[in-house]
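First comes the structure, then the notes that go with it.
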Amino acid sequence: MKIKPIYWITIFGLIGLDAITKTVTETLIGYGHSVTLIQDFFWLTVLHNTGAAWSLLSGQRWIFLGIALIALS
């Protein structure tokens, strides 16, 4: 099955946009700081997640590497 070029453009465009927004956010706000976007409702805080969703298994990188190896086989 051949993937259409527009899909590749979309995929790489979204990955690039994600990288740019993360870089700009960390540069402008800084790690551990918050910016209120909508008063008492929505704010942006720069943090790093070292685990899976909600920092599940934080710091257990070897587990994720093992899961990836199993998934690839």
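Residues are referred to by chain and number: the chain letter is A, B, ... according to the order shown in the structure tokens, the number counts from 1 in that chain, and ligands are numbered separately from 1 in the order shown.
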Mind listing the helix (DSSP H, G or I) residues of chain A, per DSSP on the backbone, as a compact mmCIF listing (two decimals) with C-alpha atoms, in the first residue's frame?
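After the write, selection.txt holds the following:
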```
# COMPACT_ATOMS: atom_id res chain seq x y z
CA PRO A 5 2.49 12.46 -0.41
CA ILE A 6 -0.05 14.71 1.35
CA TYR A 7 -0.05 12.31 4.29
CA TRP A 8 3.75 12.45 4.57
CA ILE A 9 3.63 16.25 4.40
CA THR A 10 0.98 16.32 7.12
CA ILE A 11 2.86 13.89 9.36
CA PHE A 12 6.21 15.68 9.10
CA GLY A 13 4.50 19.06 9.33
CA LEU A 14 2.82 18.10 12.61
CA ILE A 15 6.04 16.65 14.02
CA GLY A 16 7.87 19.85 13.07
CA LEU A 17 5.13 22.04 14.57
CA ASP A 18 5.28 19.99 17.79
CA ALA A 19 9.06 20.44 18.03
CA ILE A 20 8.84 24.18 17.33
CA THR A 21 6.11 24.81 19.91
CA LYS A 22 7.98 22.83 22.56
CA THR A 23 11.20 24.76 21.90
CA VAL A 24 9.47 28.16 21.89
CA THR A 25 7.47 27.34 25.02
CA GLU A 26 10.49 26.17 26.99
CA THR A 27 12.54 29.16 25.80
CA LEU A 28 9.91 31.79 26.61
CA ILE A 29 8.44 30.32 29.80
CA ALA A 53 1.19 8.69 30.77
CA TRP A 54 0.95 10.66 34.02
CA SER A 55 4.59 9.74 34.84
CA ARG A 61 13.48 3.54 30.88
CA TRP A 62 14.61 -0.10 30.58
CA ILE A 63 10.97 -1.27 30.77
CA PHE A 64 10.03 0.95 27.83
CA LEU A 65 13.04 -0.25 25.84
CA GLY A 66 12.01 -3.85 26.49
CA ILE A 67 8.42 -3.18 25.40
CA ALA A 68 9.69 -1.49 22.23
CA LEU A 69 11.96 -4.45 21.42
CA ILE A 70 9.09 -6.90 21.92
CA ALA A 71 6.82 -4.78 19.73
CA LEU A 72 9.44 -4.69 16.97
```
| task | Enumerate the residues of chain A with a DSSP assignment of strand (DSSP E), computed from the backbone, and present them as a list in words. | result |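 Taking chain A and keeping strand (DSSP E) only, one gets Ser34, Val35, Thr36, Leu37, Ile38, Phe42, Trp43, Leu44 and Thr45 of chain A.
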Could you save those same residues with N, CA and C atoms as a PDB file, in the first residue's frame?
```
ATOM      1  N   SER A  34       4.850  28.875  35.091  1.00  0.00           N
ATOM      2  CA  SER A  34       3.512  28.827  34.510  1.00  0.00           C
ATOM      3  C   SER A  34       3.132  30.172  33.914  1.00  0.00           C
ATOM      4  N   VAL A  35       2.265  30.107  32.911  1.00  0.00           N
ATOM      5  CA  VAL A  35       1.684  31.293  32.298  1.00  0.00           C
ATOM      6  C   VAL A  35       0.177  31.065  32.229  1.00  0.00           C
ATOM      7  N   THR A  36      -0.603  32.022  32.745  1.00  0.00           N
ATOM      8  CA  THR A  36      -2.051  31.915  32.694  1.00  0.00           C
ATOM      9  C   THR A  36      -2.533  32.371  31.327  1.00  0.00           C
ATOM     10  N   LEU A  37      -3.287  31.512  30.646  1.00  0.00           N
ATOM     11  CA  LEU A  37      -3.832  31.852  29.337  1.00  0.00           C
ATOM     12  C   LEU A  37      -5.286  32.298  29.440  1.00  0.00           C
ATOM     13  N   ILE A  38      -6.079  31.639  30.302  1.00  0.00           N
ATOM     14  CA  ILE A  38      -7.447  32.048  30.600  1.00  0.00           C
ATOM     15  C   ILE A  38      -7.568  32.065  32.122  1.00  0.00           C
ATOM     16  N   PHE A  42      -7.302  28.113  32.548  1.00  0.00           N
ATOM     17  CA  PHE A  42      -6.327  27.430  31.696  1.00  0.00           C
ATOM     18  C   PHE A  42      -4.973  28.103  31.811  1.00  0.00           C
ATOM     19  N   TRP A  43      -3.965  27.315  32.194  1.00  0.00           N
ATOM     20  CA  TRP A  43      -2.609  27.831  32.276  1.00  0.00           C
ATOM     21  C   TRP A  43      -1.646  26.797  31.705  1.00  0.00           C
ATOM     22  N   LEU A  44      -0.487  27.271  31.312  1.00  0.00           N
ATOM     23  CA  LEU A  44       0.525  26.429  30.688  1.00  0.00           C
ATOM     24  C   LEU A  44       1.728  26.375  31.619  1.00  0.00           C
ATOM     25  N   THR A  45       2.149  25.164  31.972  1.00  0.00           N
ATOM     26  CA  THR A  45       3.304  24.960  32.830  1.00  0.00           C
ATOM     27  C   THR A  45       4.277  24.039  32.107  1.00  0.00           C
TER      28      THR A  45
END
```
| task | State, in Å with one decimal place, the distance from CA of Leu56 (chain A) to CA of Asp40 (chain A). | result |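 So the two atoms, CA of Leu56 (chain A) and CA of Asp40 (chain A), lie 27.7 Å apart.
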| query | By how many Å are CA of Tyr31 (chain A) and CA of Leu57 (chain A) apart? | reply |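 CA of Leu57 (chain A) lies at a distance of 21.4 Å from CA of Tyr31 (chain A).
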